[in-house]
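Enquirer: Let me give you the structure first, and then I'll get to my questions.
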There are 2 protein chains.
Amino acid sequence: MQITYEPIGIITSPHKQMEGIPIQSRGATGIRGSITIYPPFLEGLQDLEGFSHLILIYHFHLSEGYELQPTPFLDTKPHGVFATRAPRRPNPIGFSIVRLIRIREHVLEIENVDILDGTPLLDIKPYVPQFDIVGVERSGWLENKGENIGEIRSDRRFQSKKD
Amino acid sequence: MQITYEPIGIITSPHKQMEGIPIQSRGATGIRGSITIYPPFLEGLQDLEGFSHLILIYHFHLSEGYELQPTPFLDTKPHGVFATRAPRRPNPIGFSIVRLIRIREHVLEIENVDILDGTPLLDIKPYVPQFDIVGVERSGWLENKGENIGEIRSDRRFQSKKD
């Protein structure tokens, strides 16, 4: 079974290569970028500006192949890929929560951007505290990790040959 | 540009049709289901059981076409589709946060399931409080909505002809 999507827009950011990107939006505080929405989808932006934060679902376009047990940036040991946010996944789908600054026609100005420049955007959903803030009992190998996330950057480990 | 994915597994749930499904995981507290992961991806589950909550990214397989300004279940007025969680989207990608009860070989038992039975699963990511809990300034038309979410169910409005 094959599932086919087409981008609804494209993400522009200061991150021009896979090396040196902040880890998660949390590590990208204040870094600005933008989204250009393609004309057929413009009407879908109605009322979006009411939300301060957006969930972006996008395609890791430079990711090639996948590794089932990668060593993620925040650890020195391998973990199952589904227990990580690593980009080389069986379906290279990225997920980020960004802050929406403003919308000008077909351009969304965003902040806290941990996404590569030129990334094809698949979907936008509003980030809604009553749906998306969940109390957890445990957070596995990531427990107590990421306190210094603002200082960590990606390295070449998930680099594709094209990049 | 076309982007093609293949399911990594399939979701089983008590929700057999699009009508009567709880709204968001938050409205589905205690409802159980399971995920069957396909054999090529089993190694990717390593260490996942350490996390109590998972982000599921899946394909709304019964959704046909899309509406750019639907009237969502939680309101009586239309909104831009990207400001809603409605299933009939340009790319019908679903996103739910579920509780992981246990993993037995290739089967994940999950709870708080607002997903249709037979849904193809595209990706699993760990829900990580330090990445995924974000303080918002505003949440648009959903502000103060959803307090009675446990009592609301989907109706036929996003029903496809096949369903």
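Going by the structure tokens order, chains are called A, B, ..., each with residues numbered from 1, while ligands are numbered from 1 in the order shown.
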List every residue of segment 36-112 of chain A that DSSP, applied to the backbone of this structure, places in strand (DSSP E or B), and write the result as a PyMOL selection string.

Expert: chain A and resi 36-37+51+53-59+93-104+107-111

Enquirer: Just N, CA and C atoms for this one: save the residues we selected as a compact mmCIF listing (two decimals), in the first residue's frame.

Expert:
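Result saved to out-v3.txt:
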# COMPACT_ATOMS: atom_id res chain seq x y z
N THR A 36 5.83 29.49 3.03
CA THR A 36 5.07 29.97 1.88
C THR A 36 4.03 28.91 1.54
N ILE A 37 2.76 29.32 1.61
CA ILE A 37 1.67 28.39 1.31
C ILE A 37 1.33 28.51 -0.17
N PHE A 51 -4.01 31.46 16.65
CA PHE A 51 -3.21 30.52 17.44
C PHE A 51 -1.76 31.00 17.52
N HIS A 53 0.76 29.07 18.48
CA HIS A 53 1.69 27.98 18.16
C HIS A 53 1.05 26.99 17.19
N LEU A 54 1.87 26.50 16.28
CA LEU A 54 1.39 25.59 15.24
C LEU A 54 2.18 24.28 15.27
N ILE A 55 1.50 23.21 14.93
CA ILE A 55 2.16 21.93 14.68
C ILE A 55 2.42 21.87 13.18
N LEU A 56 3.68 21.67 12.82
CA LEU A 56 4.03 21.50 11.41
C LEU A 56 4.39 20.04 11.16
N ILE A 57 3.82 19.48 10.11
CA ILE A 57 4.17 18.13 9.69
C ILE A 57 4.78 18.25 8.30
N TYR A 58 6.00 17.75 8.17
CA TYR A 58 6.75 18.00 6.94
C TYR A 58 7.58 16.78 6.55
N HIS A 59 8.17 16.88 5.37
CA HIS A 59 8.94 15.78 4.81
C HIS A 59 10.43 16.09 4.95
N ILE A 93 9.03 11.59 8.17
CA ILE A 93 8.07 12.64 8.49
C ILE A 93 8.57 13.41 9.70
N GLY A 94 8.66 14.73 9.55
CA GLY A 94 9.10 15.58 10.64
C GLY A 94 7.92 16.25 11.32
N PHE A 95 8.13 16.61 12.58
CA PHE A 95 7.08 17.19 13.41
C PHE A 95 7.73 18.27 14.27
N SER A 96 7.27 19.50 14.15
CA SER A 96 7.80 20.58 14.98
C SER A 96 6.65 21.46 15.47
N ILE A 97 6.84 22.01 16.65
CA ILE A 97 5.89 23.00 17.19
C ILE A 97 6.59 24.35 17.10
N VAL A 98 6.05 25.26 16.30
CA VAL A 98 6.68 26.57 16.13
C VAL A 98 5.72 27.67 16.59
N ARG A 99 6.31 28.83 16.84
CA ARG A 99 5.50 29.97 17.23
C ARG A 99 5.13 30.77 15.97
N LEU A 100 3.86 31.12 15.87
CA LEU A 100 3.41 31.92 14.72
C LEU A 100 3.48 33.39 15.08
N ILE A 101 4.23 34.15 14.31
CA ILE A 101 4.34 35.59 14.58
C ILE A 101 3.23 36.34 13.86
N ARG A 102 3.15 36.15 12.54
CA ARG A 102 2.05 36.77 11.78
C ARG A 102 1.89 36.09 10.43
N ILE A 103 0.73 36.35 9.84
CA ILE A 103 0.47 35.84 8.49
C ILE A 103 0.27 37.04 7.58
N ARG A 104 1.03 37.08 6.48
CA ARG A 104 0.84 38.13 5.47
C ARG A 104 0.50 37.44 4.15
N VAL A 107 2.22 34.08 3.30
CA VAL A 107 3.46 33.84 4.03
C VAL A 107 3.22 33.87 5.53
N LEU A 108 3.63 32.81 6.20
CA LEU A 108 3.54 32.74 7.66
C LEU A 108 4.93 33.00 8.21
N GLU A 109 5.06 34.00 9.06
CA GLU A 109 6.34 34.22 9.73
C GLU A 109 6.33 33.42 11.02
N ILE A 110 7.37 32.62 11.21
CA ILE A 110 7.40 31.72 12.36
C ILE A 110 8.70 31.84 13.14
N GLU A 111 8.69 31.32 14.35
CA GLU A 111 9.83 31.43 15.26
C GLU A 111 10.04 30.07 15.94

Enquirer: Listing only residues of chain A within 7 Å of chain B, what is the closest atom pair and its distance in Å (to one decimal) for each, using only C-alpha atoms, sorted by chain and residue number ascending, as JSON lines?

Expert:
{"residue": "A:Met1", "atom": "CA", "partner": "B:Glu6", "partner_atom": "CA", "distance": 6.1}
{"residue": "A:Gln2", "atom": "CA", "partner": "B:Glu6", "partner_atom": "CA", "distance": 5.1}
{"residue": "A:Ile3", "atom": "CA", "partner": "B:Tyr5", "partner_atom": "CA", "distance": 5.2}
{"residue": "A:Thr4", "atom": "CA", "partner": "B:Thr4", "partner_atom": "CA", "distance": 4.4}
{"residue": "A:Tyr5", "atom": "CA", "partner": "B:Ile3", "partner_atom": "CA", "distance": 5.1}
{"residue": "A:Glu6", "atom": "CA", "partner": "B:Gln2", "partner_atom": "CA", "distance": 5.1}
{"residue": "A:Gln24", "atom": "CA", "partner": "B:Phe131", "partner_atom": "CA", "distance": 6.7}
{"residue": "A:Arg26", "atom": "CA", "partner": "B:Phe131", "partner_atom": "CA", "distance": 6.0}
{"residue": "A:Glu43", "atom": "CA", "partner": "B:Leu68", "partner_atom": "CA", "distance": 5.9}
{"residue": "A:Gly44", "atom": "CA", "partner": "B:Gly80", "partner_atom": "CA", "distance": 4.0}
{"residue": "A:Leu45", "atom": "CA", "partner": "B:Gly80", "partner_atom": "CA", "distance": 5.1}
{"residue": "A:Gln46", "atom": "CA", "partner": "B:Gly80", "partner_atom": "CA", "distance": 4.2}
{"residue": "A:Asp47", "atom": "CA", "partner": "B:Gly80", "partner_atom": "CA", "distance": 6.1}
{"residue": "A:Leu48", "atom": "CA", "partner": "B:Ala83", "partner_atom": "CA", "distance": 4.7}
{"residue": "A:Gly50", "atom": "CA", "partner": "B:Gly140", "partner_atom": "CA", "distance": 3.9}
{"residue": "A:Phe51", "atom": "CA", "partner": "B:Ser139", "partner_atom": "CA", "distance": 4.4}
{"residue": "A:Ser52", "atom": "CA", "partner": "B:Arg138", "partner_atom": "CA", "distance": 5.2}
{"residue": "A:His53", "atom": "CA", "partner": "B:Val136", "partner_atom": "CA", "distance": 6.4}
{"residue": "A:Leu68", "atom": "CA", "partner": "B:Gly44", "partner_atom": "CA", "distance": 4.6}
{"residue": "A:Gln69", "atom": "CA", "partner": "B:Gly44", "partner_atom": "CA", "distance": 6.0}
{"residue": "A:His79", "atom": "CA", "partner": "B:Gln46", "partner_atom": "CA", "distance": 6.0}
{"residue": "A:Gly80", "atom": "CA", "partner": "B:Gly44", "partner_atom": "CA", "distance": 4.0}
{"residue": "A:Val81", "atom": "CA", "partner": "B:Gly44", "partner_atom": "CA", "distance": 4.8}
{"residue": "A:Phe82", "atom": "CA", "partner": "B:Lys125", "partner_atom": "CA", "distance": 5.2}
{"residue": "A:Ala83", "atom": "CA", "partner": "B:Leu48", "partner_atom": "CA", "distance": 4.7}
{"residue": "A:Thr84", "atom": "CA", "partner": "B:Lys125", "partner_atom": "CA", "distance": 6.3}
{"residue": "A:Arg85", "atom": "CA", "partner": "B:Lys125", "partner_atom": "CA", "distance": 6.3}
{"residue": "A:Asn91", "atom": "CA", "partner": "B:Tyr5", "partner_atom": "CA", "distance": 5.8}
{"residue": "A:Leu122", "atom": "CA", "partner": "B:Asn91", "partner_atom": "CA", "distance": 6.4}
{"residue": "A:Asp123", "atom": "CA", "partner": "B:Asn91", "partner_atom": "CA", "distance": 6.6}
{"residue": "A:Ile124", "atom": "CA", "partner": "B:Phe82", "partner_atom": "CA", "distance": 5.3}
{"residue": "A:Lys125", "atom": "CA", "partner": "B:Phe82", "partner_atom": "CA", "distance": 5.2}
{"residue": "A:Pro126", "atom": "CA", "partner": "B:Ala83", "partner_atom": "CA", "distance": 5.3}
{"residue": "A:Val128", "atom": "CA", "partner": "B:Ser139", "partner_atom": "CA", "distance": 6.3}
{"residue": "A:Phe131", "atom": "CA", "partner": "B:Arg26", "partner_atom": "CA", "distance": 6.0}
{"residue": "A:Ile133", "atom": "CA", "partner": "B:Ile133", "partner_atom": "CA", "distance": 5.4}
{"residue": "A:Val136", "atom": "CA", "partner": "B:Ser52", "partner_atom": "CA", "distance": 5.9}
{"residue": "A:Glu137", "atom": "CA", "partner": "B:Ser52", "partner_atom": "CA", "distance": 5.7}
{"residue": "A:Arg138", "atom": "CA", "partner": "B:Ser52", "partner_atom": "CA", "distance": 5.2}
{"residue": "A:Ser139", "atom": "CA", "partner": "B:Phe51", "partner_atom": "CA", "distance": 4.4}
{"residue": "A:Gly140", "atom": "CA", "partner": "B:Gly50", "partner_atom": "CA", "distance": 3.9}

Enquirer: How about saving the chosen residues, N, CA and C atoms kept, as a compact mmCIF listing (two decimals), in the first residue's frame?

Expert:
# COMPACT_ATOMS: atom_id res chain seq x y z
N MET A 1 0.84 -1.20 0.00
CA MET A 1 0.00 0.00 0.00
C MET A 1 0.88 1.25 0.00
N GLN A 2 0.66 2.09 -0.99
CA GLN A 2 1.43 3.33 -1.05
C GLN A 2 0.51 4.52 -0.80
N ILE A 3 0.99 5.46 -0.03
CA ILE A 3 0.22 6.65 0.30
C ILE A 3 0.99 7.84 -0.27
N THR A 4 0.29 8.65 -1.04
CA THR A 4 0.98 9.75 -1.74
C THR A 4 0.44 11.11 -1.28
N TYR A 5 1.36 11.99 -0.95
CA TYR A 5 0.99 13.35 -0.55
C TYR A 5 1.68 14.36 -1.47
N GLU A 6 1.13 15.57 -1.47
CA GLU A 6 1.78 16.66 -2.19
C GLU A 6 1.96 17.83 -1.24
N GLN A 24 15.28 20.19 18.11
CA GLN A 24 13.91 20.50 18.49
C GLN A 24 13.68 22.02 18.54
N ARG A 26 12.59 23.58 20.88
CA ARG A 26 13.04 24.01 22.19
C ARG A 26 14.48 24.48 22.18
N GLU A 43 -7.12 29.50 1.30
CA GLU A 43 -8.36 29.64 2.09
C GLU A 43 -8.31 28.83 3.38
N GLY A 44 -7.47 27.81 3.40
CA GLY A 44 -7.36 26.97 4.59
C GLY A 44 -6.67 27.68 5.76
N LEU A 45 -6.10 28.89 5.50
CA LEU A 45 -5.41 29.62 6.57
C LEU A 45 -6.36 30.46 7.44
N GLN A 46 -7.61 30.58 7.01
CA GLN A 46 -8.58 31.40 7.74
C GLN A 46 -8.57 31.06 9.25
N ASP A 47 -8.47 32.07 10.09
CA ASP A 47 -8.51 31.92 11.56
C ASP A 47 -7.25 31.32 12.18
N LEU A 48 -6.29 30.97 11.35
CA LEU A 48 -5.08 30.36 11.91
C LEU A 48 -4.30 31.34 12.78
N GLY A 50 -5.20 33.22 14.93
CA GLY A 50 -5.64 33.21 16.33
C GLY A 50 -4.80 32.33 17.23
N PHE A 51 -4.01 31.46 16.65
CA PHE A 51 -3.21 30.52 17.44
C PHE A 51 -1.76 31.00 17.52
N SER A 52 -1.19 30.96 18.72
CA SER A 52 0.21 31.42 18.84
C SER A 52 1.20 30.33 18.46
N HIS A 53 0.76 29.07 18.48
CA HIS A 53 1.69 27.98 18.16
C HIS A 53 1.05 26.99 17.19
N LEU A 68 17.23 1.55 11.75
CA LEU A 68 16.23 1.17 12.77
C LEU A 68 16.70 1.43 14.19
N GLN A 69 18.04 1.51 14.37
CA GLN A 69 18.52 1.78 15.73
C GLN A 69 19.64 2.83 15.69
N HIS A 79 19.15 3.73 20.01
CA HIS A 79 17.78 3.43 20.45
C HIS A 79 16.94 3.11 19.22
N GLY A 80 15.85 2.40 19.43
CA GLY A 80 14.93 2.13 18.32
C GLY A 80 14.48 3.46 17.73
N VAL A 81 14.42 3.53 16.41
CA VAL A 81 14.14 4.82 15.74
C VAL A 81 12.80 5.40 16.20
N PHE A 82 11.82 4.54 16.54
CA PHE A 82 10.51 5.05 16.95
C PHE A 82 10.53 5.61 18.38
N ALA A 83 11.63 5.36 19.09
CA ALA A 83 11.83 5.95 20.41
C ALA A 83 12.72 7.19 20.31
N THR A 84 12.95 7.67 19.09
CA THR A 84 13.76 8.88 18.86
C THR A 84 13.03 9.83 17.91
N ARG A 85 13.60 11.03 17.75
CA ARG A 85 13.09 11.99 16.76
C ARG A 85 14.04 12.08 15.56
N ASN A 91 9.36 6.24 7.34
CA ASN A 91 8.71 7.34 6.61
C ASN A 91 9.28 8.63 7.19
N LEU A 122 3.77 19.42 4.68
CA LEU A 122 2.62 18.55 4.38
C LEU A 122 1.34 18.99 5.05
N ASP A 123 1.45 19.52 6.27
CA ASP A 123 0.23 19.88 7.00
C ASP A 123 0.56 20.87 8.10
N ILE A 124 -0.45 21.67 8.45
CA ILE A 124 -0.40 22.56 9.61
C ILE A 124 -1.61 22.22 10.45
N LYS A 125 -1.40 22.09 11.76
CA LYS A 125 -2.52 21.95 12.69
C LYS A 125 -2.31 22.95 13.82
N PRO A 126 -3.37 23.45 14.41
CA PRO A 126 -3.18 24.35 15.55
C PRO A 126 -2.67 23.56 16.76
N VAL A 128 -2.96 23.01 20.47
CA VAL A 128 -4.07 23.29 21.38
C VAL A 128 -3.75 22.69 22.75
N PHE A 131 -5.57 19.67 24.07
CA PHE A 131 -5.36 18.39 23.36
C PHE A 131 -3.91 17.91 23.50
N ILE A 133 -1.17 19.05 25.54
CA ILE A 133 -0.38 18.99 26.76
C ILE A 133 -0.86 17.79 27.56
N VAL A 136 2.78 12.88 31.56
CA VAL A 136 3.35 11.56 31.29
C VAL A 136 3.78 10.90 32.60
N GLU A 137 3.85 9.58 32.59
CA GLU A 137 4.38 8.85 33.75
C GLU A 137 5.88 8.60 33.60
N ARG A 138 6.33 8.45 32.34
CA ARG A 138 7.76 8.18 32.12
C ARG A 138 8.15 8.63 30.70
N SER A 139 9.39 9.06 30.56
CA SER A 139 9.86 9.46 29.24
C SER A 139 11.21 8.84 28.93
N GLY A 140 11.30 7.55 29.25
CA GLY A 140 12.38 6.66 28.80
C GLY A 140 13.78 7.25 28.84

Enquirer: Name the residues of segment 43-151 of chain A that come out as helix (DSSP H, G or I) in a backbone DSSP run; write them as a ChimeraX atom specification.

Expert: /A:43-45,48-50,81-83,129-132,140-142,149-151

Enquirer: Atom CA of Ile115 of chain B and atom CA of Pro14 of chain B are how many Å apart?

Expert: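 We find that atom CA of Ile115 of chain B and atom CA of Pro14 of chain B lie 8.8 Å from each other.
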
Enquirer: Would you pick out the contacts of Ser63 of chain A at 8 Å or less, using only C-alpha atoms, so that residues sharing its chain but fewer than 2 positions from it are not included, and give the list as a VMD selection string?

Expert: chain A and resid 60 to 61 65 to 66 87 to 88 92 158 to 160

Enquirer: Measure the distance from atom CA of Leu74 of chain A to atom CA of Ile10 of chain A in Å and round it to one decimal.

Expert: 27.6 Å

Enquirer: Would you mind listing what lies within 8 Å of Thr12 of chain A as a PyMOL selection string, with only C-alpha atoms counted and same-chain residues fewer than 5 positions away left out?

Expert: chain A and resi 33-36+116-119

Enquirer: Can you work out the spacing between atom CA of Leu62 of chain B and atom CA of Ile11 of chain B in Å, to one decimal?

Expert: 13.5 Å

Enquirer: Considering only C-alpha atoms, return as a list in words whatever protein or nucleic-acid residues lie within 6 Å of Pro22 of chain B, sequence-local ones (same chain, fewer than 3 positions apart) excluded.

Expert: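 Those residues are Gly27, Ala28, Asp114 and Arg153 of chain B.
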